[in-house]
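Pasting input.txt here (compact mmCIF, C-alpha atoms and all ligand atoms):
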# COMPACT_ATOMS: atom_id res chain seq x y z
CA MET Y 127 -102.55 -104.25 49.90
CA SER Y 128 -101.51 -107.90 50.10
CA ALA Y 129 -102.69 -109.89 47.12
CA VAL Y 130 -104.77 -112.89 48.03
CA PRO Y 131 -104.23 -115.28 45.14
CA ALA Y 132 -107.42 -116.55 43.52
CA SER Y 133 -107.77 -120.30 43.95
CA HIS Y 134 -106.50 -120.99 40.41
CA GLU Y 135 -103.48 -118.66 40.75
CA GLN Y 136 -100.07 -120.14 41.27
CA PRO Y 137 -98.62 -118.50 44.42
CA ILE Y 138 -95.51 -116.36 44.04
CA THR Y 139 -92.87 -118.02 46.16
CA CYS Y 140 -90.77 -116.23 48.71
CA ASP Y 141 -87.62 -116.92 46.65
CA GLN Y 142 -89.17 -115.39 43.56
CA LEU Y 143 -90.16 -112.25 45.47
CA VAL Y 144 -86.72 -111.94 47.06
CA LEU Y 145 -85.13 -112.21 43.62
CA LEU Y 146 -87.43 -109.54 42.20
CA SER Y 147 -86.78 -107.25 45.18
CA GLN Y 148 -83.02 -107.62 44.69
CA GLN Y 149 -83.32 -106.85 41.00
CA LEU Y 150 -85.44 -103.78 41.73
CA ARG Y 151 -82.81 -102.59 44.19
CA ASP Y 152 -80.05 -103.12 41.62
CA ARG Y 153 -81.88 -101.41 38.80
CA ALA Y 154 -83.67 -98.52 40.51
CA GLY Y 155 -81.93 -98.40 43.85
CA ILE Y 156 -85.30 -98.58 45.53
CA THR Y 157 -85.71 -100.60 48.68
CA ILE Y 158 -89.27 -101.43 49.56
CA ASP Y 159 -89.98 -101.78 53.25
CA SER Y 160 -92.65 -104.43 53.01
CA PRO Y 161 -91.54 -105.93 49.73
CA HIS Y 162 -93.56 -109.05 49.60
CA SER Y 163 -97.07 -107.72 49.92
CA ILE Y 164 -96.49 -104.62 47.80
CA ILE Y 165 -94.44 -106.30 45.12
CA GLU Y 166 -96.80 -109.26 44.89
CA HIS Y 167 -99.80 -106.97 44.52
CA THR Y 168 -98.06 -104.95 41.82
CA VAL Y 169 -96.70 -107.98 39.98
CA ARG Y 170 -100.17 -109.51 39.86
CA GLY Y 171 -101.49 -106.24 38.42
CA ARG Y 172 -98.81 -106.28 35.70
CA MET Y 173 -99.51 -109.95 34.92
CA ALA Y 174 -103.23 -109.20 34.55
CA ALA Y 175 -102.48 -106.19 32.29
CA LEU Y 176 -100.21 -108.33 30.10
CA GLY Y 177 -102.56 -111.34 30.11
CA VAL Y 178 -99.87 -113.52 31.71
CA ALA Y 179 -101.31 -116.24 33.96
CA GLU Y 180 -98.20 -117.90 35.41
CA ILE Y 181 -95.61 -116.16 37.54
CA GLY Y 182 -92.87 -118.22 35.86
CA GLU Y 183 -93.98 -116.88 32.50
CA TYR Y 184 -93.87 -113.32 33.84
CA LEU Y 185 -90.38 -113.73 35.35
CA ALA Y 186 -89.16 -115.18 32.05
CA LEU Y 187 -89.91 -111.81 30.42
CA PHE Y 188 -86.86 -110.38 32.18
CA ASP Y 189 -84.19 -111.39 29.71
CA ASP Y 190 -81.74 -109.02 28.00
CA SER Y 191 -84.21 -107.72 25.43
CA ILE Y 192 -85.51 -104.19 25.00
CA ASN Y 193 -88.96 -105.48 26.01
CA ALA Y 194 -87.51 -106.60 29.34
CA ARG Y 195 -86.16 -103.11 29.93
CA ALA Y 196 -89.58 -101.65 29.19
CA GLU Y 197 -91.19 -104.08 31.64
CA TRP Y 198 -88.69 -103.17 34.36
CA LEU Y 199 -89.54 -99.51 33.87
CA ALA Y 200 -93.27 -100.26 34.04
CA LEU Y 201 -92.81 -102.21 37.29
CA ILE Y 202 -90.52 -99.60 38.85
CA ASP Y 203 -92.98 -96.90 37.84
CA LEU Y 204 -95.72 -98.67 39.81
CA LEU Y 205 -93.54 -99.27 42.85
CA THR Y 206 -91.95 -95.85 43.37
CA ILE Y 207 -93.49 -93.40 45.84
CA LYS Y 208 -94.32 -90.19 44.01
CA GLU Y 209 -95.77 -88.00 46.73
CA THR Y 210 -95.00 -84.33 46.16
CA ARG Y 211 -96.59 -80.90 46.36
CA PHE Y 212 -95.90 -77.26 45.60
CA PHE Y 213 -93.72 -75.43 48.14
CA ARG Y 214 -93.24 -78.66 50.06
CA GLN Y 215 -90.21 -77.32 51.89
CA PRO Y 216 -90.74 -73.53 52.19
CA ALA Y 217 -87.52 -72.94 54.16
CA ALA Y 218 -85.40 -74.35 51.32
CA LEU Y 219 -87.21 -72.16 48.79
CA GLU Y 220 -86.78 -69.08 50.98
CA GLY Y 221 -83.12 -70.09 51.19
CA ILE Y 222 -82.65 -70.05 47.43
CA ALA Y 223 -84.39 -66.64 47.23
CA VAL Y 224 -81.89 -65.27 49.77
CA TYR Y 225 -78.96 -67.02 48.04
CA LEU Y 226 -79.85 -65.51 44.68
CA SER Y 227 -80.61 -62.06 46.11
CA GLU Y 228 -77.21 -62.02 47.80
CA LEU Y 229 -75.42 -63.01 44.60
CA ILE Y 230 -77.18 -60.17 42.78
CA ALA Y 231 -76.44 -57.65 45.56
CA GLN Y 232 -72.75 -58.68 45.50
CA GLY Y 233 -72.61 -58.25 41.72
CA GLN Y 234 -72.06 -62.00 41.30
CA ALA Y 235 -75.25 -62.83 39.43
CA PRO Y 236 -74.57 -65.63 36.95
CA ARG Y 237 -74.79 -64.85 33.24
CA GLU Y 238 -77.06 -67.85 32.93
CA LEU Y 239 -78.68 -69.78 35.79
CA THR Y 240 -79.61 -73.46 35.62
CA ILE Y 241 -81.62 -75.41 38.18
CA TRP Y 242 -82.29 -79.15 38.50
CA SER Y 243 -84.92 -81.06 40.40
CA ALA Y 244 -83.54 -84.63 40.60
CA GLY Y 245 -86.41 -87.02 41.34
CA CYS Y 246 -88.94 -84.37 40.35
CA SER Y 247 -92.08 -86.57 40.39
CA THR Y 248 -94.99 -84.63 38.81
CA GLY Y 249 -93.10 -81.34 38.63
CA GLN Y 250 -94.34 -79.30 41.58
CA GLU Y 251 -90.87 -79.03 43.16
CA LEU Y 252 -89.23 -77.69 40.00
CA TYR Y 253 -92.09 -75.28 39.27
CA SER Y 254 -91.88 -73.97 42.86
CA MET Y 255 -88.12 -73.35 42.45
CA ALA Y 256 -88.79 -71.63 39.12
CA MET Y 257 -91.46 -69.34 40.59
CA VAL Y 258 -89.13 -68.27 43.40
CA ILE Y 259 -86.28 -67.52 41.01
CA ASP Y 260 -88.42 -65.59 38.55
CA GLN Y 261 -89.92 -63.57 41.42
CA VAL Y 262 -86.44 -62.62 42.71
CA LEU Y 263 -85.46 -61.39 39.25
CA HIS Y 264 -88.59 -59.25 39.04
CA LEU Y 265 -88.21 -57.83 42.54
CA ARG Y 266 -84.54 -57.03 41.93
CA ASN Y 267 -85.36 -55.63 38.51
CA ILE Y 268 -82.59 -57.61 36.90
CA TRP Y 269 -82.62 -60.12 34.08
CA PHE Y 270 -80.44 -63.05 33.07
CA GLU Y 271 -81.23 -66.25 31.24
CA TRP Y 272 -82.36 -69.12 33.40
CA GLN Y 273 -83.71 -72.59 32.75
CA GLY Y 274 -84.69 -75.62 34.77
CA ILE Y 275 -84.73 -79.35 34.24
CA GLY Y 276 -86.56 -82.08 36.10
CA THR Y 277 -85.58 -85.74 35.96
CA ASP Y 278 -87.28 -88.85 37.26
CA ILE Y 279 -87.18 -92.59 36.63
CA SER Y 280 -90.95 -92.68 36.18
CA PHE Y 281 -92.38 -91.88 32.74
CA SER Y 282 -95.91 -91.45 34.09
CA THR Y 283 -94.88 -88.66 36.47
CA LEU Y 284 -92.93 -86.89 33.72
CA SER Y 285 -95.91 -86.84 31.44
CA LEU Y 286 -97.96 -85.13 34.18
CA ALA Y 287 -95.07 -82.77 34.92
CA ASN Y 288 -95.00 -81.73 31.26
CA ARG Y 289 -98.72 -80.96 31.27
CA ALA Y 290 -98.13 -78.64 34.24
CA THR Y 291 -101.85 -78.80 34.98
CA TYR Y 292 -102.99 -79.44 38.53
CA GLN Y 293 -106.16 -79.61 40.55
CA GLU Y 294 -107.31 -76.56 42.47
CA SER Y 295 -106.41 -78.20 45.80
CA ASP Y 296 -102.79 -78.54 44.55
CA ALA Y 297 -102.67 -74.97 43.23
CA LEU Y 298 -103.97 -73.63 46.54
CA THR Y 299 -100.81 -74.84 48.29
CA ILE Y 300 -98.86 -72.21 46.30
CA PRO Y 301 -98.47 -69.02 48.39
CA ALA Y 302 -100.78 -66.30 47.07
CA LYS Y 303 -97.95 -63.99 45.97
CA TYR Y 304 -96.74 -66.69 43.55
CA ARG Y 305 -100.13 -68.15 42.64
CA SER Y 306 -101.49 -64.84 41.40
CA ARG Y 307 -98.60 -64.45 38.98
CA TYR Y 308 -97.55 -67.95 37.97
CA VAL Y 309 -100.65 -70.14 37.69
CA ASP Y 310 -103.69 -69.67 35.49
CA ARG Y 311 -107.10 -71.21 35.85
CA VAL Y 312 -107.66 -73.25 32.68
CA GLY Y 313 -110.88 -75.11 33.48
CA GLU Y 314 -113.17 -76.45 36.14
CA ASN Y 315 -110.82 -77.41 38.98
CA GLN Y 316 -107.80 -77.13 36.64
CA TRP Y 317 -104.86 -74.78 37.06
CA GLN Y 318 -101.82 -74.57 34.81
CA VAL Y 319 -98.37 -73.16 35.48
CA SER Y 320 -97.96 -70.01 33.38
CA ARG Y 321 -96.36 -70.10 29.95
CA GLU Y 322 -93.49 -67.82 31.04
CA ILE Y 323 -92.41 -70.51 33.53
CA ARG Y 324 -93.20 -73.55 31.37
CA GLU Y 325 -91.10 -72.21 28.49
CA ARG Y 326 -87.98 -72.43 30.64
CA ILE Y 327 -88.59 -75.92 32.03
CA HIS Y 328 -87.78 -79.31 30.50
CA PHE Y 329 -88.26 -82.83 31.83
CA PHE Y 330 -86.17 -85.93 31.09
CA GLN Y 331 -86.38 -89.56 32.11
CA SER Y 332 -83.23 -90.43 34.01
CA ASN Y 333 -82.26 -92.93 36.70
CA LEU Y 334 -80.23 -91.44 39.56
CA LEU Y 335 -78.13 -94.59 39.52
CA HIS Y 336 -77.03 -93.53 36.02
CA VAL Y 337 -76.63 -89.83 36.70
CA ASN Y 338 -74.84 -89.42 33.40
CA SER Y 339 -78.13 -90.09 31.64
CA ALA Y 340 -79.27 -86.65 32.83
CA PRO Y 341 -78.44 -83.70 30.54
CA ASP Y 342 -74.70 -83.05 30.56
CA MET Y 343 -74.49 -79.56 31.98
CA GLY Y 344 -73.54 -77.69 35.15
CA PHE Y 345 -76.10 -76.37 37.60
CA ASN Y 346 -76.30 -73.44 39.99
CA ILE Y 347 -78.99 -75.06 42.14
CA ILE Y 348 -79.86 -78.75 42.53
CA PHE Y 349 -82.74 -80.04 44.64
CA CYS Y 350 -82.77 -83.76 45.43
CA GLN Y 351 -85.40 -84.09 48.13
CA ASN Y 352 -87.28 -87.10 49.44
CA VAL Y 353 -85.65 -89.45 46.95
CA LEU Y 354 -82.43 -90.57 48.60
CA ILE Y 355 -84.29 -92.01 51.58
CA TYR Y 356 -85.18 -94.96 49.37
CA PHE Y 357 -81.50 -95.79 48.66
CA GLU Y 358 -79.00 -97.69 50.74
CA ARG Y 359 -76.35 -95.54 52.41
CA ASP Y 360 -73.43 -96.26 50.05
CA ARG Y 361 -75.51 -95.59 46.99
CA ARG Y 362 -76.92 -92.45 48.56
CA HIS Y 363 -73.40 -91.11 49.11
CA TRP Y 364 -72.34 -92.10 45.61
CA ILE Y 365 -75.30 -90.24 44.10
CA ILE Y 366 -74.69 -87.10 46.20
CA ASP Y 367 -71.05 -87.08 45.06
CA ARG Y 368 -72.21 -87.23 41.44
CA LEU Y 369 -74.64 -84.35 42.06
CA VAL Y 370 -71.81 -82.29 43.57
CA GLU Y 371 -69.80 -82.90 40.38
CA ARG Y 372 -72.63 -81.31 38.43
CA LEU Y 373 -72.71 -78.19 40.62
CA ARG Y 374 -71.02 -75.08 39.33
CA PRO Y 375 -68.55 -73.43 41.73
CA GLY Y 376 -70.56 -71.57 44.38
CA GLY Y 377 -73.62 -73.67 43.48
CA LEU Y 378 -76.14 -75.02 45.93
CA LEU Y 379 -77.27 -78.60 46.62
CA VAL Y 380 -80.46 -78.98 48.66
CA LEU Y 381 -81.44 -82.38 50.07
CA GLY Y 382 -84.62 -83.24 51.96
CA ALA Y 383 -85.08 -81.83 55.45
CA GLY Y 384 -83.77 -84.30 57.99
CA GLU Y 385 -81.93 -86.19 55.24
CA ASP Y 386 -78.73 -85.57 57.13
CA VAL Y 387 -76.65 -88.02 55.27
CA HIS Y 388 -73.53 -88.19 57.46
CA TRP Y 389 -71.63 -87.57 54.30
CA THR Y 390 -68.69 -85.32 53.66
CA ASN Y 391 -67.16 -83.98 50.49
CA THR Y 392 -64.25 -81.54 50.46
CA GLU Y 393 -65.79 -79.55 47.61
CA VAL Y 394 -68.82 -78.41 49.61
CA CYS Y 395 -69.64 -76.65 52.89
CA ARG Y 396 -72.83 -77.14 54.85
CA VAL Y 397 -75.15 -74.12 54.64
CA SER Y 398 -76.63 -73.12 58.00
CA TRP Y 399 -80.28 -72.58 57.12
CA PRO Y 400 -82.51 -73.77 59.98
CA GLY Y 401 -84.37 -76.95 59.08
CA VAL Y 402 -82.72 -77.26 55.67
CA CYS Y 403 -80.09 -79.77 54.59
CA ALA Y 404 -78.11 -77.76 52.04
CA PHE Y 405 -74.50 -77.59 50.84
CA ARG Y 406 -72.64 -74.97 48.85
CA LYS Y 407 -69.83 -75.83 46.47
CA THR Y 408 -66.68 -73.88 47.11
CA GLN Y 409 -65.55 -71.34 44.54
CA GLU Y 410 -62.18 -73.11 44.37
CA ALA Y 411 -63.70 -76.31 43.01
CA LEU Y 412 -63.20 -74.96 39.50
CA HIS Y 413 -62.29 -78.17 37.78
CA ASN Y 414 -65.67 -79.82 38.22
CA GLY Y 415 -68.63 -77.48 37.59
CA ARG Y 416 -69.37 -77.28 33.88
C1 LIG Y 501 -91.36 -88.95 47.02
S1 LIG Y 501 -91.05 -88.38 45.38
C2 LIG Y 501 -90.24 -86.83 45.74
C3 LIG Y 501 -90.61 -85.74 44.75
C4 LIG Y 501 -89.99 -84.37 45.04
N1 LIG Y 501 -88.56 -84.42 44.96
C5 LIG Y 501 -90.42 -83.84 46.38
O1 LIG Y 501 -89.63 -83.81 47.31
O2 LIG Y 501 -91.58 -83.46 46.53
C6 LIG Y 501 -89.70 -89.45 44.89
C7 LIG Y 501 -89.48 -89.47 43.37
O3 LIG Y 501 -88.22 -90.10 43.12
C8 LIG Y 501 -88.34 -90.89 41.96
N2 LIG Y 501 -87.29 -91.93 41.94
C9 LIG Y 501 -87.22 -93.08 42.69
N3 LIG Y 501 -86.14 -93.80 42.37
C10 LIG Y 501 -85.49 -93.08 41.39
C11 LIG Y 501 -84.30 -93.31 40.64
N4 LIG Y 501 -83.56 -94.40 40.80
N5 LIG Y 501 -83.94 -92.38 39.73
C12 LIG Y 501 -84.70 -91.26 39.53
N6 LIG Y 501 -85.83 -91.02 40.19
C13 LIG Y 501 -86.23 -91.90 41.13
C14 LIG Y 501 -89.75 -91.46 42.04
O4 LIG Y 501 -90.24 -91.90 40.78
C15 LIG Y 501 -90.53 -90.28 42.62
O5 LIG Y 501 -91.12 -89.50 41.62
Show this structure as structure tokens.
Amino acid sequence: MSAVPASHEQPITCDQLVLLSQQLRDRAGITIDSPHSIIEHTVRGRMAALGVAEIGEYLALFDDSINARAEWLALIDLLTIKETRFFRQPAALEGIAVYLSELIAQGQAPRELTIWSAGCSTGQELYSMAMVIDQVLHLRNIWFEWQGIGTDISFSTLSLANRATYQESDALTIPAKYRSRYVDRVGENQWQVSREIRERIHFFQSNLLHVNSAPDMGFNIIFCQNVLIYFERDRRHWIIDRLVERLRPGGLLVLGAGEDVHWTNTEVCRVSWPGVCAFRKTQEALHNGR
């Protein structure tokens, strides 16, 4: 991965890379473990794409202009890790099926249910949540309005998420009982999430460090998995607090398995699902959930 500069290329100095790494951390929150090799490789790719020969010329692009903002987003997009898949954490999805079934059985089904995948990458997490919820409604023979949103800092992932079209190998990771109902074969090696699910799902570009840039609404279920690991501890806690603010009373926040954040918040209680890091907002926390 490390970029070996061609003989005519001016090397990127250690100071320049440290500065860029710091700026990336400030803007996206991302901390890259081996910053120099990965950032240098990526920066050289951007310079080649832009036809910029000198590193000084490239760094000078980062002024206060709108073009600078676009370049930051392009660089961040290349540096973020986007790995995801359908039903990545089955225990968390089973958990939300049980949670929703219990609400329905107790006569506490919401009039309208909203779900959020924060750091949704190419959409598989949100579509998995949506399939589980729709299936519960069908099995329980009940109906209420529901919708889901996915947010990510990366425009390229959001465009793929919107297409909702995946290769067969991706679709095959969906358990058969969901696959038969919620994905359609649309071409050679191409599978698309069904229209009934897609119609209820919307994607937005939003940086978790500016949570207010996400749609201003309350949520019954928020998943934020495999994203916070890239943030420093204080920022991680700050973001989780903001997510809790967006939860409706009784709502559920699911973090990545093993992402035990050593974090406490008086408005939530830990949910005891084996292998799942989830919190439920208390019913009393009425002043926050929208
Ligand atoms: C490893 S993927 C996780 C995807 C999905 N949540 C899952 O668990 O399968 C991490 C995602 O977080 C996004 N991300 C990284 N930093 C972000 C930030 N500051 N704001 C919003 N999204 C961010 C990346 O673009 C990437 O798509």
Go ahead and compute the interatomic distance for atom CA of Y:Glu271 and atom CA of Y:Glu322, in Å to one decimal.
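Calculated distance between atom CA of Y:Glu271 and atom CA of Y:Glu322 is 12.4 Å.
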Taking all atoms of ligand LIG 501 (chain Y) that appear in the file, build a box with edges along x, y and z, extend it by 3 Å on every side, and state its centre and edge lengths in Å to one decimal, as lines of an AutoDock Vina configuration file.
center_x = -87.6
center_y = -88.9
center_z = 43.4
size_x = 14.0
size_y = 16.9
size_z = 13.8
Given 7 Å and all atoms listed in the file, residues near ligand LIG 501 (chain Y) as an NGL selection string:
:Y and (154-156 or 203 or 206-211 or 214 or 243-248 or 251 or 277-280 or 283 or 332-335 or 350-353 or 382)
Pick from Y:Ser398, Y:Ser320, Y:Thr390, Y:Thr240 nearest to Y:Gln273, counting only C-alpha atoms
Y:Thr240
Please report the interatomic distance between atom CA of Y:Gln142 and atom CA of Y:Ala174 in Å with one decimal.
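Separating atom CA of Y:Gln142 from atom CA of Y:Ala174 is a distance of 17.8 Å.
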